[in-house]
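Novice: Got a structure for you, questions after.
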Amino acid sequence: MRRGFKTHAEDVATELRGEMGVGSGDRMDCTALAAHLAIEVVPITALIGAGATAEDVNCMVSDEMGFSAMTVYRGTKCEIFYNPFHAETRTANSLAHEISHVVLEHEPGPVLTPKGTRDWKQTQEDEADWLAGALLVPREGALRWLAGGGTMTDGASHYGVSAQLFSWRANHTGVVLQLRRRAA
């Protein structure tokens, strides 16, 4: 990631949480955040009523395909389509990730390359992952949670994310190290 990006993303997350009236110790409702940003959130199954076949949609949401979410732009409007069969924790992360692409103004592109492989821009994906994590589990919130005696598992439940995401945030933002040093 580019120099200073992580700090920038933490600031953006704090600002967006502030606009929503969501403190660092509160769970972020990504559907409400999307609505705040005028982004429509739609289950991929809704495409069945818009011309896609049930077979096509079922293929996308199958375990083999691994579809979580994607953002589709139509002029200045964008919609996030998501897999409604995933756990709420995964859906929260998927929506936060896609919202992050929009907020960071990442250039939209095709899903597939001309060779039929997935078009993947690693830097943009890394940035969206970091901002999504900051939106879902603010560093300050994780610090207060763990300093107050809360566990990683309970913190994950509190924030509505997976234990892996809560742990990733606590470790990669330096919270765990900070608490170890405090205890020493």
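Going through the structure tokens in order, the chains are called A, B, and so on, while each chain numbers its residues from 1 and the ligands are numbered from 1 in the order shown.
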Quick one: residues within 9 Å of Ile99 (chain A), only C-alpha atoms, excluding same-chain residues fewer than 5 positions away - as JSON, numbers by chain?
Specialist: {"A": [30, 33, 34, 37, 39, 71, 80, 94, 104, 128, 132]}
Novice: Write out as a ChimeraX atom specification each polymer residue whose atoms come within 8 Å of region 58-66 of chain A, counting only C-alpha atoms; drop sequence neighbours fewer than 4 positions from it.
Specialist: /A:54,83,85
Novice: Just the residues within 12 Å of Asn171 (chain A), please, counting only C-alpha atoms, with nothing from its chain fewer than 2 positions along; format it as an mmCIF file with N, CA and C atoms, in the first residue's frame.
Specialist:
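Contents of around-v3.cif, as written:
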data_model
loop_
_atom_site.group_PDB
_atom_site.id
_atom_site.type_symbol
_atom_site.label_atom_id
_atom_site.label_comp_id
_atom_site.auth_asym_id
_atom_site.auth_seq_id
_atom_site.Cartn_x
_atom_site.Cartn_y
_atom_site.Cartn_z
ATOM 1 N N GLY A 133 -11.846 -3.115 7.128
ATOM 2 C CA GLY A 133 -11.531 -3.487 8.496
ATOM 3 C C GLY A 133 -11.660 -2.311 9.447
ATOM 4 N N VAL A 137 -14.108 -2.588 12.495
ATOM 5 C CA VAL A 137 -13.464 -2.708 13.814
ATOM 6 C C VAL A 137 -12.435 -1.584 13.936
ATOM 7 N N ARG A 139 -9.594 0.743 15.315
ATOM 8 C CA ARG A 139 -8.460 0.443 16.185
ATOM 9 C C ARG A 139 -8.782 0.817 17.628
ATOM 10 N N ALA A 142 -11.146 -1.680 19.224
ATOM 11 C CA ALA A 142 -10.494 -2.952 19.546
ATOM 12 C C ALA A 142 -9.600 -2.789 20.772
ATOM 13 N N LEU A 143 -8.904 -1.670 20.840
ATOM 14 C CA LEU A 143 -8.031 -1.411 21.981
ATOM 15 C C LEU A 143 -8.843 -1.354 23.275
ATOM 16 N N LEU A 146 -10.299 -4.942 24.211
ATOM 17 C CA LEU A 146 -9.318 -5.881 24.753
ATOM 18 C C LEU A 146 -8.711 -5.381 26.067
ATOM 19 N N MET A 152 -11.001 -11.809 22.027
ATOM 20 C CA MET A 152 -11.082 -11.651 20.567
ATOM 21 C C MET A 152 -12.432 -12.178 20.064
ATOM 22 N N GLN A 164 -11.582 -14.079 12.896
ATOM 23 C CA GLN A 164 -10.364 -13.841 12.115
ATOM 24 C C GLN A 164 -10.193 -12.352 11.809
ATOM 25 N N LEU A 165 -11.289 -11.683 11.443
ATOM 26 C CA LEU A 165 -11.194 -10.255 11.121
ATOM 27 C C LEU A 165 -10.865 -9.441 12.371
ATOM 28 N N PHE A 166 -11.530 -9.730 13.481
ATOM 29 C CA PHE A 166 -11.239 -8.985 14.706
ATOM 30 C C PHE A 166 -9.778 -9.179 15.107
ATOM 31 N N SER A 167 -9.308 -10.406 15.060
ATOM 32 C CA SER A 167 -7.923 -10.719 15.410
ATOM 33 C C SER A 167 -6.955 -10.030 14.446
ATOM 34 N N TRP A 168 -7.259 -10.046 13.166
ATOM 35 C CA TRP A 168 -6.421 -9.391 12.155
ATOM 36 C C TRP A 168 -6.301 -7.907 12.467
ATOM 37 N N ARG A 169 -7.417 -7.262 12.775
ATOM 38 C CA ARG A 169 -7.382 -5.837 13.098
ATOM 39 C C ARG A 169 -6.572 -5.581 14.366
ATOM 40 N N THR A 173 -3.047 -3.577 13.609
ATOM 41 C CA THR A 173 -3.066 -2.160 13.986
ATOM 42 C C THR A 173 -2.185 -1.902 15.200
ATOM 43 N N GLY A 174 -1.547 -2.955 15.714
ATOM 44 C CA GLY A 174 -0.643 -2.791 16.836
ATOM 45 C C GLY A 174 -1.307 -2.832 18.202
ATOM 46 N N VAL A 175 -2.599 -3.113 18.250
ATOM 47 C CA VAL A 175 -3.322 -3.151 19.520
ATOM 48 C C VAL A 175 -2.755 -4.227 20.438
ATOM 49 N N VAL A 176 -2.538 -5.417 19.919
ATOM 50 C CA VAL A 176 -2.043 -6.527 20.739
ATOM 51 C C VAL A 176 -0.662 -6.184 21.296
ATOM 52 N N LEU A 177 0.200 -5.661 20.470
ATOM 53 C CA LEU A 177 1.540 -5.280 20.911
ATOM 54 C C LEU A 177 1.470 -4.182 21.976
ATOM 55 N N GLN A 178 0.619 -3.210 21.744
ATOM 56 C CA GLN A 178 0.456 -2.115 22.703
ATOM 57 C C GLN A 178 0.006 -2.645 24.064
ATOM 58 N N LEU A 179 -0.932 -3.586 24.077
ATOM 59 C CA LEU A 179 -1.417 -4.138 25.333
ATOM 60 C C LEU A 179 -0.356 -5.005 26.013
ATOM 61 N N ARG A 180 0.440 -5.728 25.234
ATOM 62 C CA ARG A 180 1.534 -6.522 25.807
ATOM 63 C C ARG A 180 2.547 -5.609 26.492
#
Novice: Find the residue from A:Val41, A:Val111, A:Ala46, A:Ala92 that sits nearest to Tyr159 (chain A); use only C-alpha atoms when measuring.
Specialist: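 Closest to Tyr159 (chain A) of all the choices is A:Ala92.
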Novice: Please compute the CA of Pro114 (chain A)-CA of Arg74 (chain A) distance, one decimal, in Å.
Specialist: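 These two atoms are separated by 21.5 Å.
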Novice: Would you pick out the contacts of Val22 (chain A) at 12 Å or less, using only C-alpha atoms, so that residues sharing its chain but fewer than 3 positions from it are not included, and give the list as a ChimeraX atom specification?
Specialist: /A:13-19,25-30,32-33,135-138,141,159
Novice: To one decimal place, how far is CA of Asn93 (chain A) from CA of Asp129 (chain A) in Å?
Specialist: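 Those two atoms sit 8.6 Å apart.
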